[in-house]
Amino acid sequence: MKIYAFDVDDTLDISGGPVSIASVGTLREQGHIVGLNGNWAAVVQTVSVWHRIFSFIGPMEMSKDTFLNQLRAYICADDYIMVGNIKGVSGASDDQGAADLAGWRFIKES
């Protein structure tokens with residue numbers, strides 16, 4: 001089982017990105033844990049079944065890398081993957097930097 005943390009803005013299709021909510025749901029159906037590490041409010045306001053897809057939402061009152069560190073500390077998995085942006089290249093947030101700081105593998109949203 002893998003844990004995937006998705007950025008929202010410029011990553012998920014509901015917020016200008018290339019990753020479809022359906023493809024995230026497919027990862028969940030395959031037995032992986034999927035969640036949000038970004039603008040989670042945009043998802044819960046626009047995806048009526050968000051709670052059936054995403055196992056966690058965040059970060060709240062903390063940085064993205066701190067949130068990733070907490071997930072890794074408390075949820076055992078075979079791999080930890082952050083999907084998001086490279087700041088200044090494919091979006092405004094530094095998801096690659098957060099993944100690097102937390103020791104997560106990074107996958108660019110495209």
# chains A, B, ... in the order shown; residues from 1 in each chain; ligands from 1

call {"tool": "select_by_dssp", "arguments": {"residues": "chain A", "states": "strand (DSSP E)", "output": "ChimeraX atom specification"}}
result
/A:2-6,33-37,56-58,79-84,105-108

call {"tool": "residues_around", "arguments": {"residues": "Thr46 of chain A", "least_positions_apart": "6", "cutoff": "12 Å", "atoms": "only C-alpha atoms", "output": "JSON list (two decimals) with C-alpha atoms, in the first residue's frame"}}
result
[["chain", "number", "residue", "atom", "x", "y", "z"],
["A", 8, "VAL", "CA", -4.88, 20.86, -5.29],
["A", 12, "LEU", "CA", -6.17, 18.50, -9.62],
["A", 13, "ASP", "CA", -8.52, 19.11, -12.52],
["A", 14, "ILE", "CA", -11.03, 20.92, -10.33],
["A", 15, "SER", "CA", -8.43, 23.65, -9.83],
["A", 21, "ILE", "CA", -10.48, 13.24, -9.49],
["A", 39, "ASN", "CA", -6.17, 23.71, -0.92],
["A", 40, "TRP", "CA", -8.53, 21.07, 0.50]]

call {"tool": "atom_distance", "arguments": {"atom1": "atom CA of Ile86 of chain A", "atom2": "atom CA of Ala99 of chain A"}}
result
10.6 Å

call {"tool": "closest_residue", "arguments": {"among": "A:Gly91, A:Val47, A:Arg105, A:Tyr80", "to": "Gly25 of chain A", "atoms": "only C-alpha atoms"}}
result
A:Val47

call {"tool": "residues_around", "arguments": {"residues": "segment 63-78 of chain A", "least_positions_apart": "3", "cutoff": "12 Å", "atoms": "only C-alpha atoms", "output": "PyMOL selection string"}}
result
chain A and resi 1-7+31-39+55-60+81-84+93-106

call {"tool": "closest_residue", "arguments": {"among": "A:Asp9, A:Glu29, A:Ile53, A:Gly16", "to": "Ala41 of chain A", "atoms": "only C-alpha atoms"}}
result
A:Asp9

call {"tool": "select_by_dssp", "arguments": {"residues": "chain A", "states": "alpha helix (DSSP H)", "output": "NGL selection string"}}
result
:A and (21-29 or 40-46 or 50-53 or 64-74 or 95-102)

call {"tool": "write_last_selection", "arguments": {"atoms": "C-alpha atoms", "output": "JSON list (two decimals), in the first residue's frame"}}
result
[["chain", "number", "residue", "atom", "x", "y", "z"],
["A", 21, "ILE", "CA", -10.48, 13.24, -9.49],
["A", 22, "ALA", "CA", -11.44, 9.96, -11.23],
["A", 23, "SER", "CA", -7.77, 8.91, -11.47],
["A", 24, "VAL", "CA", -7.32, 9.64, -7.76],
["A", 25, "GLY", "CA", -10.37, 7.47, -7.08],
["A", 26, "THR", "CA", -8.77, 4.67, -9.10],
["A", 27, "LEU", "CA", -5.71, 4.75, -6.82],
["A", 28, "ARG", "CA", -8.03, 4.38, -3.82],
["A", 29, "GLU", "CA", -9.84, 1.46, -5.50],
["A", 40, "TRP", "CA", -8.53, 21.07, 0.50],
["A", 41, "ALA", "CA", -11.39, 23.58, 0.81],
["A", 42, "ALA", "CA", -11.64, 23.75, -2.99],
["A", 43, "VAL", "CA", -12.17, 19.99, -3.09],
["A", 44, "VAL", "CA", -14.71, 19.66, -0.31],
["A", 45, "GLN", "CA", -16.74, 22.51, -1.81],
["A", 46, "THR", "CA", -16.80, 21.13, -5.36],
["A", 50, "TRP", "CA", -14.87, 13.84, -1.58],
["A", 51, "HIS", "CA", -15.13, 11.80, 1.63],
["A", 52, "ARG", "CA", -15.39, 8.58, -0.39],
["A", 53, "ILE", "CA", -12.16, 9.34, -2.25],
["A", 64, "LYS", "CA", 3.02, 21.03, 3.94],
["A", 65, "ASP", "CA", 6.28, 19.34, 4.92],
["A", 66, "THR", "CA", 5.23, 19.19, 8.60],
["A", 67, "PHE", "CA", 1.94, 17.60, 7.55],
["A", 68, "LEU", "CA", 3.78, 15.02, 5.41],
["A", 69, "ASN", "CA", 6.11, 14.24, 8.34],
["A", 70, "GLN", "CA", 3.11, 13.61, 10.61],
["A", 71, "LEU", "CA", 1.48, 11.30, 8.08],
["A", 72, "ARG", "CA", 4.70, 9.31, 7.73],
["A", 73, "ALA", "CA", 5.13, 9.08, 11.50],
["A", 74, "TYR", "CA", 1.68, 7.61, 12.11],
["A", 95, "ASP", "CA", 5.37, 20.84, -3.36],
["A", 96, "GLN", "CA", 8.66, 19.34, -4.51],
["A", 97, "GLY", "CA", 10.45, 21.20, -1.70],
["A", 98, "ALA", "CA", 7.92, 19.98, 0.88],
["A", 99, "ALA", "CA", 8.31, 16.40, -0.33],
["A", 100, "ASP", "CA", 12.10, 16.67, -0.20],
["A", 101, "LEU", "CA", 12.04, 18.08, 3.35],
["A", 102, "ALA", "CA", 9.75, 15.27, 4.51]]

call {"tool": "atom_distance", "arguments": {"atom1": "atom CA of Ser90 of chain A", "atom2": "atom CA of Asp10 of chain A"}}
result
7.4 Å

call {"tool": "atom_distance", "arguments": {"atom1": "atom CA of Gly88 of chain A", "atom2": "atom CA of Lys108 of chain A"}}
result
12.5 Å
